[in-house]
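**Student:** Compact mmCIF, C-alpha atoms and all ligand atoms, saved as work.txt, coming up:
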```txt
# COMPACT_ATOMS: atom_id res chain seq x y z
CA MET A 173 11.15 -0.20 5.45
CA VAL A 174 7.81 0.25 3.66
CA LYS A 175 6.01 -2.97 2.68
CA ILE A 176 4.49 -2.38 -0.74
CA PRO A 177 1.24 -4.19 -1.65
CA THR A 178 1.18 -6.29 -4.81
CA ILE A 179 -1.32 -6.96 -7.59
CA LYS A 180 -1.95 -10.31 -9.31
CA GLN A 181 -1.87 -10.06 -13.10
CA ASN A 182 -3.71 -11.96 -15.83
CA ASP A 183 -0.80 -14.42 -16.24
CA ASN A 184 -0.74 -15.13 -12.48
CA THR A 185 2.48 -13.16 -11.91
CA VAL A 186 2.50 -10.63 -9.10
CA MET A 187 3.87 -7.08 -9.20
CA PRO A 188 4.33 -4.37 -6.54
CA ILE A 189 1.77 -1.57 -7.01
CA ILE A 190 4.35 1.22 -7.07
CA GLY A 191 7.79 1.22 -8.70
CA LEU A 192 10.81 3.41 -9.29
CA GLY A 193 10.98 5.22 -12.64
CA THR A 194 14.46 5.71 -14.06
CA TYR A 195 14.15 7.80 -17.24
CA THR A 196 17.00 10.38 -17.21
CA SER A 197 18.65 8.63 -14.23
CA THR A 198 22.19 8.04 -15.38
CA GLY A 199 25.52 6.63 -14.21
CA GLY A 200 26.32 6.68 -10.49
CA ASP A 201 23.11 8.61 -9.69
CA CYS A 202 21.01 5.85 -11.22
CA LYS A 203 22.87 3.08 -9.42
CA ARG A 204 22.67 4.89 -6.09
CA ALA A 205 18.96 5.61 -6.60
CA VAL A 206 18.16 1.95 -7.25
CA LYS A 207 20.11 0.89 -4.16
CA ASP A 208 18.46 3.57 -2.00
CA ALA A 209 15.11 2.43 -3.36
CA ILE A 210 15.80 -1.20 -2.45
CA ASP A 211 16.74 -0.09 1.08
CA ALA A 212 13.51 1.93 1.30
CA GLY A 213 11.39 -1.08 0.27
CA TYR A 214 10.94 -0.72 -3.52
CA ARG A 215 10.85 -4.02 -5.37
CA HIS A 216 9.66 -2.82 -8.80
CA PHE A 217 11.99 -1.00 -11.22
CA ASP A 218 11.05 0.55 -14.53
CA THR A 219 13.64 1.07 -17.23
CA ALA A 220 13.96 0.77 -21.02
CA TYR A 221 16.59 0.04 -23.65
CA PHE A 222 15.97 3.65 -24.77
CA TYR A 223 17.01 5.05 -21.35
CA GLU A 224 20.53 3.62 -21.77
CA ASN A 225 20.73 2.82 -18.05
CA GLU A 226 19.88 -0.90 -17.97
CA ALA A 227 23.51 -1.60 -17.03
CA GLU A 228 23.36 0.68 -13.96
CA VAL A 229 19.97 -0.67 -12.86
CA GLY A 230 21.26 -4.24 -13.26
CA GLU A 231 24.51 -3.54 -11.45
CA ALA A 232 22.71 -2.02 -8.46
CA ILE A 233 20.34 -5.00 -8.24
CA ARG A 234 23.15 -7.55 -8.64
CA GLU A 235 25.18 -5.87 -5.90
CA LYS A 236 22.18 -5.92 -3.55
CA ILE A 237 21.67 -9.61 -4.33
CA ALA A 238 25.37 -10.27 -3.61
CA GLU A 239 25.05 -8.41 -0.27
CA GLY A 240 22.17 -10.74 0.63
CA ALA A 241 19.70 -7.84 0.92
CA ILE A 242 17.38 -9.32 -1.74
CA LYS A 243 17.02 -12.34 -3.96
CA ARG A 244 16.47 -12.04 -7.71
CA GLU A 245 12.90 -13.27 -7.33
CA ASP A 246 12.13 -10.48 -4.83
CA VAL A 247 12.47 -7.77 -7.48
CA TYR A 248 10.27 -6.98 -10.45
CA ILE A 249 12.19 -5.58 -13.43
CA VAL A 250 10.43 -3.92 -16.34
CA THR A 251 12.20 -2.94 -19.54
CA LYS A 252 11.03 -2.04 -23.03
CA LEU A 253 11.62 -2.82 -26.68
CA TRP A 254 12.49 0.42 -28.50
CA CYS A 255 10.84 1.40 -31.81
CA HIS A 256 13.82 0.54 -34.07
CA PHE A 257 13.69 -3.11 -32.95
CA HIS A 258 10.09 -3.82 -34.07
CA ASP A 259 11.00 -6.00 -37.04
CA PRO A 260 10.13 -9.52 -35.78
CA GLU A 261 13.62 -10.65 -36.83
CA ARG A 262 15.17 -8.23 -34.32
CA VAL A 263 12.98 -8.77 -31.24
CA GLU A 264 14.79 -11.70 -29.61
CA LYS A 265 18.17 -10.10 -30.24
CA ALA A 266 16.93 -6.85 -28.67
CA CYS A 267 15.68 -8.68 -25.58
CA ARG A 268 18.99 -10.52 -25.22
CA LEU A 269 20.79 -7.18 -25.55
CA SER A 270 18.78 -5.79 -22.62
CA LEU A 271 19.54 -8.92 -20.56
CA LYS A 272 23.22 -8.52 -21.35
CA ASN A 273 23.04 -4.88 -20.22
CA PHE A 274 21.40 -5.95 -16.94
CA GLY A 275 23.75 -8.88 -16.39
CA LEU A 276 20.66 -10.98 -15.60
CA ASP A 277 19.11 -14.03 -17.20
CA TYR A 278 15.46 -12.99 -17.24
CA ILE A 279 13.27 -9.90 -17.19
CA ASP A 280 9.98 -9.83 -15.30
CA MET A 281 8.08 -7.71 -17.82
CA TYR A 282 9.07 -6.84 -21.39
CA LEU A 283 6.96 -4.05 -22.87
CA MET A 284 6.59 -2.83 -26.43
CA HIS A 285 7.53 0.81 -25.71
CA TRP A 286 5.31 2.36 -28.46
CA PRO A 287 2.93 0.85 -31.04
CA TYR A 288 4.73 2.56 -33.95
CA ALA A 289 8.11 1.59 -35.40
CA TYR A 290 11.25 3.26 -36.76
CA VAL A 291 13.67 2.17 -39.44
CA TYR A 292 16.66 0.22 -38.02
CA GLU A 293 20.03 1.87 -38.64
CA GLY A 294 22.05 0.34 -35.81
CA ASP A 295 21.45 -0.81 -32.24
CA ARG A 296 22.20 2.60 -30.77
CA VAL A 297 20.48 4.77 -33.38
CA MET A 298 17.33 5.44 -31.35
CA PHE A 299 15.98 8.17 -33.66
CA PRO A 300 17.03 7.48 -37.28
CA THR A 301 16.49 10.72 -39.19
CA ASP A 302 16.40 11.75 -42.84
CA PRO A 303 18.41 14.74 -44.13
CA SER A 304 15.59 17.13 -43.23
CA GLY A 305 15.68 15.91 -39.61
CA GLU A 306 12.42 13.91 -39.75
CA VAL A 307 12.38 10.60 -37.86
CA LYS A 308 12.28 7.69 -40.32
CA LEU A 309 9.11 5.73 -39.52
CA SER A 310 8.78 2.09 -40.53
CA ASP A 311 5.49 0.37 -41.32
CA VAL A 312 6.13 -2.77 -39.23
CA ASP A 313 2.81 -3.76 -37.68
CA TYR A 314 2.79 -4.03 -33.87
CA VAL A 315 0.86 -7.32 -34.20
CA ASP A 316 3.87 -8.87 -35.95
CA THR A 317 6.19 -7.44 -33.28
CA TRP A 318 3.92 -8.88 -30.59
CA LYS A 319 4.03 -12.35 -32.16
CA ALA A 320 7.83 -12.23 -31.87
CA MET A 321 7.55 -11.04 -28.26
CA GLU A 322 5.32 -14.00 -27.41
CA LYS A 323 8.22 -16.33 -28.25
CA LEU A 324 10.38 -14.65 -25.58
CA VAL A 325 8.12 -16.02 -22.85
CA GLY A 326 8.59 -19.59 -24.11
CA LEU A 327 12.35 -19.03 -24.25
CA GLY A 328 12.32 -17.96 -20.58
CA LEU A 329 13.84 -14.55 -21.39
CA THR A 330 10.92 -12.69 -19.79
CA LYS A 331 8.20 -13.87 -17.42
CA SER A 332 5.53 -11.55 -18.86
CA ILE A 333 4.94 -9.34 -21.88
CA GLY A 334 2.93 -6.17 -22.23
CA VAL A 335 2.58 -2.92 -24.12
CA SER A 336 2.96 0.78 -23.53
CA ASN A 337 1.16 3.76 -25.07
CA PHE A 338 -1.51 1.60 -26.75
CA ASN A 339 -4.99 3.08 -27.24
CA SER A 340 -8.21 1.08 -26.82
CA LYS A 341 -8.54 0.24 -30.53
CA GLN A 342 -4.95 -0.99 -30.73
CA LEU A 343 -5.48 -3.16 -27.64
CA THR A 344 -8.63 -4.65 -29.15
CA ARG A 345 -6.85 -5.43 -32.41
CA LEU A 346 -3.85 -6.90 -30.57
CA LEU A 347 -6.08 -9.08 -28.40
CA SER A 348 -7.84 -10.52 -31.43
CA ALA A 349 -4.48 -11.75 -32.80
CA ALA A 350 -2.62 -12.57 -29.59
CA THR A 351 -1.86 -16.01 -28.23
CA ILE A 352 -0.53 -14.43 -25.05
CA LYS A 353 -2.67 -11.60 -23.78
CA PRO A 354 -0.82 -8.39 -22.81
CA VAL A 355 -0.48 -8.20 -19.05
CA HIS A 356 0.13 -4.48 -18.87
CA ASN A 357 -0.42 -1.19 -20.65
CA GLN A 358 1.96 1.52 -19.43
CA ILE A 359 0.51 4.97 -20.15
CA GLU A 360 0.94 8.60 -19.15
CA ALA A 361 -1.19 9.26 -16.04
CA HIS A 362 -1.20 12.24 -13.63
CA PRO A 363 -3.77 14.80 -12.45
CA GLY A 364 -3.66 16.62 -15.81
CA LEU A 365 -4.26 13.39 -17.77
CA SER A 366 -6.33 11.13 -15.55
CA GLN A 367 -7.06 8.57 -18.34
CA LYS A 368 -10.30 7.38 -16.70
CA LYS A 369 -11.71 5.85 -19.91
CA LEU A 370 -8.58 3.93 -20.89
CA ILE A 371 -8.08 2.73 -17.30
CA GLU A 372 -11.66 1.42 -17.19
CA PHE A 373 -11.22 -0.20 -20.61
CA CYS A 374 -8.03 -1.99 -19.48
CA LYS A 375 -9.58 -3.01 -16.16
CA ASN A 376 -12.42 -4.74 -18.02
CA LEU A 377 -9.83 -6.70 -20.01
CA ASN A 378 -7.86 -7.57 -16.86
CA ILE A 379 -4.87 -5.57 -18.12
CA VAL A 380 -2.92 -3.70 -15.41
CA VAL A 381 -2.25 -0.01 -16.08
CA THR A 382 1.08 1.47 -15.07
CA GLY A 383 1.16 5.26 -14.92
CA TYR A 384 4.19 7.19 -16.16
CA CYS A 385 4.98 10.85 -15.43
CA PRO A 386 2.82 10.35 -12.30
CA LEU A 387 4.00 13.63 -10.78
CA GLY A 388 3.59 15.47 -14.06
CA ARG A 389 7.37 15.52 -14.56
CA PRO A 390 7.70 18.63 -12.38
CA GLU A 391 11.12 19.79 -13.59
CA GLY A 392 10.84 22.49 -16.26
CA ASN A 393 7.40 23.64 -14.99
CA ARG A 394 5.56 21.30 -17.35
CA GLY A 395 3.12 20.31 -14.65
CA ASP A 396 2.76 22.34 -11.48
CA PHE A 397 0.66 19.89 -9.51
CA LEU A 398 3.21 19.67 -6.71
CA ASN A 399 2.82 23.38 -5.95
CA ASP A 400 -0.91 23.48 -6.41
CA LYS A 401 -2.61 25.06 -3.36
CA LYS A 402 -5.60 22.69 -3.41
CA ILE A 403 -3.37 19.60 -3.45
CA ILE A 404 -1.11 21.03 -0.75
CA GLU A 405 -4.20 21.73 1.43
CA ILE A 406 -5.42 18.14 0.97
CA GLY A 407 -1.97 16.91 2.00
CA LYS A 408 -2.04 18.95 5.22
CA LYS A 409 -5.13 17.01 6.37
CA TYR A 410 -3.22 13.74 6.21
CA ASN A 411 0.23 15.12 7.05
CA LYS A 412 1.41 14.19 3.54
CA SER A 413 3.10 16.11 0.70
CA SER A 414 1.36 16.95 -2.58
CA ALA A 415 3.48 14.25 -4.29
CA GLN A 416 2.23 11.65 -1.80
CA VAL A 417 -1.38 12.78 -2.29
CA ILE A 418 -1.05 12.44 -6.08
CA LEU A 419 0.58 9.00 -5.87
CA ARG A 420 -2.11 7.76 -3.47
CA TRP A 421 -4.84 9.12 -5.77
CA LEU A 422 -3.29 7.20 -8.70
CA VAL A 423 -3.17 3.96 -6.70
CA ASP A 424 -6.81 4.50 -5.68
CA SER A 425 -7.64 5.09 -9.37
CA GLY A 426 -6.31 1.62 -10.23
CA VAL A 427 -2.95 2.81 -11.59
CA VAL A 428 0.53 1.50 -10.68
CA PRO A 429 2.61 4.70 -10.49
CA ILE A 430 6.34 4.70 -11.25
CA PRO A 431 7.68 8.04 -9.94
CA LYS A 432 11.28 8.74 -10.91
CA SER A 433 13.71 10.23 -8.42
CA VAL A 434 17.41 10.14 -7.72
CA THR A 435 16.93 12.01 -4.41
CA LYS A 436 17.04 9.69 -1.40
CA SER A 437 14.46 11.60 0.68
CA ARG A 438 12.00 11.72 -2.25
CA ILE A 439 12.59 8.06 -3.09
CA GLN A 440 11.63 7.21 0.49
CA ALA A 441 8.68 9.61 0.68
CA ASN A 442 7.14 8.51 -2.62
CA ILE A 443 6.31 5.05 -1.28
CA ASP A 444 5.17 6.26 2.14
CA ILE A 445 1.57 6.36 0.94
CA PHE A 446 0.02 3.23 2.40
CA ASP A 447 -0.81 4.53 5.89
CA PHE A 448 -3.59 6.92 4.89
CA GLN A 449 -6.72 6.91 2.73
CA LEU A 450 -7.99 9.86 0.69
CA SER A 451 -11.66 10.70 1.21
CA ALA A 452 -14.00 10.40 -1.78
CA GLU A 453 -14.30 14.20 -1.73
CA ASP A 454 -10.52 14.66 -1.95
CA ARG A 455 -10.26 12.12 -4.77
CA GLN A 456 -12.86 14.16 -6.65
CA VAL A 457 -10.76 17.31 -6.26
CA LEU A 458 -7.82 15.44 -7.85
CA ASP A 459 -10.10 14.14 -10.62
CA GLY A 460 -10.97 17.78 -11.38
CA PHE A 461 -7.45 18.60 -12.66
CA ASN A 462 -7.86 16.58 -15.86
CA THR A 463 -7.35 18.70 -19.00
CA GLY A 464 -6.24 15.87 -21.29
CA HIS A 465 -2.91 17.62 -21.85
CA ARG A 466 -0.06 15.23 -22.71
CA ILE A 467 3.49 15.77 -21.51
CA ILE A 468 4.73 13.21 -24.06
CA PRO A 469 2.72 13.55 -27.32
CA MET A 470 5.53 12.16 -29.56
CA THR A 471 4.14 14.22 -32.45
CA HIS A 472 7.11 13.28 -34.67
CA ALA A 473 5.33 9.93 -35.18
CA LYS A 474 1.87 11.36 -35.91
CA ASN A 475 1.99 10.21 -39.55
CA SER A 476 2.53 6.57 -38.58
CA PRO A 477 -0.59 4.41 -39.09
CA HIS A 478 0.12 3.17 -35.55
CA TYR A 479 0.38 6.58 -33.82
CA PRO A 480 -1.80 6.09 -30.70
CA PHE A 481 -3.00 9.58 -29.83
CA HIS A 482 -5.39 10.41 -32.69
CA GLU A 483 -8.08 8.42 -30.83
CA GLU A 484 -10.01 9.80 -27.87
CA PHE A 485 -8.66 7.00 -25.66
N1 LIG B 1 6.41 4.13 -21.33
C1 LIG B 1 6.77 5.35 -21.65
O1 LIG B 1 6.62 5.80 -22.81
C2 LIG B 1 7.32 6.26 -20.58
C3 LIG B 1 7.41 7.64 -20.85
C4 LIG B 1 7.91 8.46 -19.83
C5 LIG B 1 8.30 7.91 -18.61
N2 LIG B 1 8.23 6.57 -18.38
C6 LIG B 1 8.64 5.97 -17.09
O2 LIG B 1 7.92 6.64 -16.05
C7 LIG B 1 8.83 7.16 -15.08
C8 LIG B 1 8.28 8.37 -14.39
O3 LIG B 1 8.03 9.44 -15.31
P1 LIG B 1 8.96 10.75 -15.42
O4 LIG B 1 10.31 10.42 -14.91
O5 LIG B 1 8.83 11.25 -16.78
O6 LIG B 1 8.23 11.81 -14.50
P2 LIG B 1 7.79 11.92 -12.94
O7 LIG B 1 8.09 10.67 -12.20
O8 LIG B 1 6.41 12.46 -12.96
O9 LIG B 1 8.73 13.09 -12.46
C9 LIG B 1 10.10 12.92 -12.20
C10 LIG B 1 10.64 14.23 -11.63
O10 LIG B 1 10.01 14.50 -10.37
C11 LIG B 1 10.97 14.77 -9.38
N3 LIG B 1 10.42 14.23 -8.13
C12 LIG B 1 10.27 12.90 -7.80
N4 LIG B 1 9.70 12.78 -6.60
C13 LIG B 1 9.47 14.04 -6.14
C14 LIG B 1 8.91 14.55 -4.95
N5 LIG B 1 8.47 13.74 -3.99
N6 LIG B 1 8.85 15.90 -4.81
C15 LIG B 1 9.30 16.73 -5.79
N7 LIG B 1 9.83 16.30 -6.96
C16 LIG B 1 9.92 14.96 -7.12
C17 LIG B 1 12.24 14.10 -9.85
O11 LIG B 1 13.37 14.80 -9.39
P3 LIG B 1 14.70 14.09 -8.77
O12 LIG B 1 15.02 12.87 -9.55
O13 LIG B 1 15.72 15.18 -8.94
O14 LIG B 1 14.39 13.81 -7.32
C18 LIG B 1 12.12 14.23 -11.37
O15 LIG B 1 12.62 15.48 -11.78
C19 LIG B 1 10.09 7.40 -15.93
O16 LIG B 1 11.23 7.65 -15.13
C20 LIG B 1 10.12 6.15 -16.75
O17 LIG B 1 10.61 5.07 -15.98
C21 LIG B 1 7.71 5.74 -19.36
```
Could you take the file, read its structure, and then write that structure out as structure tokens?
Ligand SMILES: NC(=O)c1ccc[n+]([C@@H]2O[C@H](COP(=O)([O-])OP(=O)(O)OC[C@H]3O[C@@H](n4cnc5c(N)ncnc54)[C@H](OP(=O)(O)O)[C@@H]3O)[C@@H](O)[C@H]2O)c1

**Tutor:**
Amino acid sequence: MVKIPTIKQNDNTVMPIIGLGTYTSTGGDCKRAVKDAIDAGYRHFDTAYFYENEAEVGEAIREKIAEGAIKREDVYIVTKLWCHFHDPERVEKACRLSLKNFGLDYIDMYLMHWPYAYVYEGDRVMFPTDPSGEVKLSDVDYVDTWKAMEKLVGLGLTKSIGVSNFNSKQLTRLLSAATIKPVHNQIEAHPGLSQKKLIEFCKNLNIVVTGYCPLGRPEGNRGDFLNDKKIIEIGKKYNKSSAQVILRWLVDSGVVPIPKSVTKSRIQANIDIFDFQLSAEDRQVLDGFNTGHRIIPMTHAKNSPHYPFHEEF
């Protein structure tokens, strides 16, 4: 079993520096993946209310606790507040809904999934749309949502709170109003979008960066880093796959990657990255893939005053 290193965060909590992503993992596949991951050594799991799989993630973890394989405090569970729950009046209810889905009594990290908000039309209406098919944006300010999230820590519903998809200006504005500083900013990060400036910015504020789509979401040919000849050649030097090279490069860049897989062999391989070190030269080759291209631009929200991707970083 791989022993995964941890990082201490600005609120003194500790998280494993690689986790299992679960977006699009559903039903039995999701549950099996989480259990396989626990057996392999994963202790950090990333999900979201939006993924509609909190119940499967929770069930897998609860069964592993019941088997005696882990204790609740051994695992680090991240979930996220979806955009239709941003109204401060809805935040605590949304968090309790996630806890009910998990069948657990606390979350380790509750993230605001996006800085922009949608109109609420029901707990399960993730994308409320008008008759022309446009998503109905709401003007709730993320600072007000954050203030409601701060209360969740005092209530013991989550150990830590953080954000996702925030740009540097939004983080600065949030910090000026926050009583509890965000612990985390979860952002898209892979060779095509290396995010050096935002990572440096967060590092200076002692905010940990988690990287999503770390492998460039290879299905559907959206990112072909796994089949890139240069990355494969680097891997041969260390007897590692291109996926392992990319994940190691992210860790070395100060990012906590959360690769998603439901395939046991890949789940195991993706954390087998702590027995080699990339040379500075090889890291530079990986740095050279950056084009700034986003896999998840969420352009439907570009007219929100809180859309994060109009800024350079
Ligand atoms: N905060 C946000 O807004 C946000 C947005 C997107 C994602 N996320 C989080 O980040 C996680 C990761 O991102 P992602 O799922 O979009 O993309 P990803 O992890 O870059 O890619 C996942 C894909 O890669 C495949 N894969 C995994 N390991 C592999 C390997 N070693 N070799 C070849 N293929 C491999 C998986 O296939 P199999 O499953 O078939 O093995 C899956 O199709 C998500 O699951 C989610 O938890 C957060």

**Student:** Which residues form the shell of 6 Å around ligand LIG 1 (chain B) when you count all atoms listed in the file, given as number ranges by chain?

**Tutor:** A: 193-195, 218-219, 285, 336, 358, 384-391, 415, 430-435, 438, 442

**Student:** Compute the distance from (-1.1, 12.5, 3.2) to each atom, counting all atoms listed in the file, keep the residues with any atom at most 9 Å away, and return them as a list of chain:residue names; use the coordinates of the file.

**Tutor:**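 With a cut-off of 9 Å, the residues come to A:Ile406, A:Gly407, A:Lys408, A:Lys409, A:Tyr410, A:Asn411, A:Lys412, A:Ser413, A:Ser414, A:Ala415, A:Gln416, A:Val417, A:Arg420, A:Asp444, A:Ile445, A:Asp447, A:Phe448, A:Gln449, A:Leu450.
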
**Student:** Once you have the residues from the selection above, write them out as a short mmCIF file (atom, residue, chain, number, x, y, z; two decimals), in the coordinates of the input, restricted to C-alpha atoms.

**Tutor:**
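Written out: again-v4.cif:
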```cif
data_model
loop_
_atom_site.label_atom_id
_atom_site.label_comp_id
_atom_site.auth_asym_id
_atom_site.auth_seq_id
_atom_site.Cartn_x
_atom_site.Cartn_y
_atom_site.Cartn_z
CA ILE A 406 -5.42 18.14 0.97
CA GLY A 407 -1.97 16.91 2.00
CA LYS A 408 -2.04 18.95 5.22
CA LYS A 409 -5.13 17.01 6.37
CA TYR A 410 -3.22 13.74 6.21
CA ASN A 411 0.23 15.12 7.05
CA LYS A 412 1.41 14.19 3.54
CA SER A 413 3.10 16.11 0.70
CA SER A 414 1.36 16.95 -2.58
CA ALA A 415 3.48 14.25 -4.29
CA GLN A 416 2.23 11.65 -1.80
CA VAL A 417 -1.38 12.78 -2.29
CA ARG A 420 -2.11 7.76 -3.47
CA ASP A 444 5.17 6.26 2.14
CA ILE A 445 1.57 6.36 0.94
CA ASP A 447 -0.81 4.53 5.89
CA PHE A 448 -3.59 6.92 4.89
CA GLN A 449 -6.72 6.91 2.73
CA LEU A 450 -7.99 9.86 0.69
#
```

**Student:** For a test of reading the model, state the distance in Å between CA of Ile418 (chain A) and CA of Arg455 (chain A), rounded to one decimal.

**Tutor:** 9.3 Å

**Student:** Residues near region 202-211 of chain A, anyone? I mean within 7 Å using only C-alpha atoms, not counting same-chain ones fewer than 5 positions away, as an mmCIF file with C-alpha atoms, in the coordinates of the input.

**Tutor:**
```
data_model
loop_
_atom_site.group_PDB
_atom_site.id
_atom_site.type_symbol
_atom_site.label_atom_id
_atom_site.label_comp_id
_atom_site.auth_asym_id
_atom_site.auth_seq_id
_atom_site.Cartn_x
_atom_site.Cartn_y
_atom_site.Cartn_z
ATOM 1 C CA SER A 197 18.650 8.630 -14.230
ATOM 2 C CA GLU A 228 23.360 0.680 -13.960
ATOM 3 C CA VAL A 229 19.970 -0.670 -12.860
ATOM 4 C CA ALA A 232 22.710 -2.020 -8.460
ATOM 5 C CA VAL A 434 17.410 10.140 -7.720
ATOM 6 C CA LYS A 436 17.040 9.690 -1.400
ATOM 7 C CA ILE A 439 12.590 8.060 -3.090
#
```

**Student:** So, counting all atoms listed in the file, which residue among A:Lys402, A:Arg262, A:His482, A:Lys308 is closest to Gly460 (chain A)?

**Tutor:**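 Closest candidate: A:Lys402.
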
**Student:** Which of these, A:Ala227, A:Leu422, A:Val297, A:Ala320, has the shortest distance to His258 (chain A) once you count all atoms listed in the file?

**Tutor:**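 The closest residue to His258 (chain A) is A:Ala320.
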
**Student:** Pick out the residues sitting within 9 Å of His356 (chain A), and hand them over as a PyMOL selection string; count only C-alpha atoms, and ignore anything fewer than 2 positions along from it in its own chain.

**Tutor:** chain A and resi 181-182+281+283+332-336+354+358+374+378-382

**Student:** Tell me which of A:Ile190, A:Ile233, A:Trp254, A:Gly213 sits closest to Val423 (chain A), counting all atoms listed in the file.

**Tutor:**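 Checking each of A:Ile190, A:Ile233, A:Trp254, A:Gly213 against Val423 (chain A), counting all atoms listed in the file, the winner is A:Ile190.
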
**Student:** What's the 8 Å shell around region 239-250 of chain A, counting only C-alpha atoms, without same-chain residues fewer than 4 positions away, as a VMD selection string?

**Tutor:** chain A and resid 187 to 188 215 to 220 235 279 to 283

**Student:** What gap, in Å, lies between CA of Asn357 (chain A) and CA of Ser340 (chain A)?

**Tutor:**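 Pair CA of Asn357 (chain A) / CA of Ser340 (chain A) returns 10.2 Å.
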
**Student:** May I have the residues within 8 Å of Pro260 (chain A) as a PyMOL selection string, using only C-alpha atoms and disregarding those fewer than 4 positions away in the same chain?

**Tutor:** chain A and resi 316-317+319-320

**Student:** Please produce an output containing C-alpha atoms for each residue in the selection, written as a short mmCIF file (atom, residue, chain, number, x, y, z; two decimals), keeping the file's coordinate frame.

**Tutor:**
```
data_model
loop_
_atom_site.label_atom_id
_atom_site.label_comp_id
_atom_site.auth_asym_id
_atom_site.auth_seq_id
_atom_site.Cartn_x
_atom_site.Cartn_y
_atom_site.Cartn_z
CA ASP A 316 3.87 -8.87 -35.95
CA THR A 317 6.19 -7.44 -33.28
CA LYS A 319 4.03 -12.35 -32.16
CA ALA A 320 7.83 -12.23 -31.87
#
```
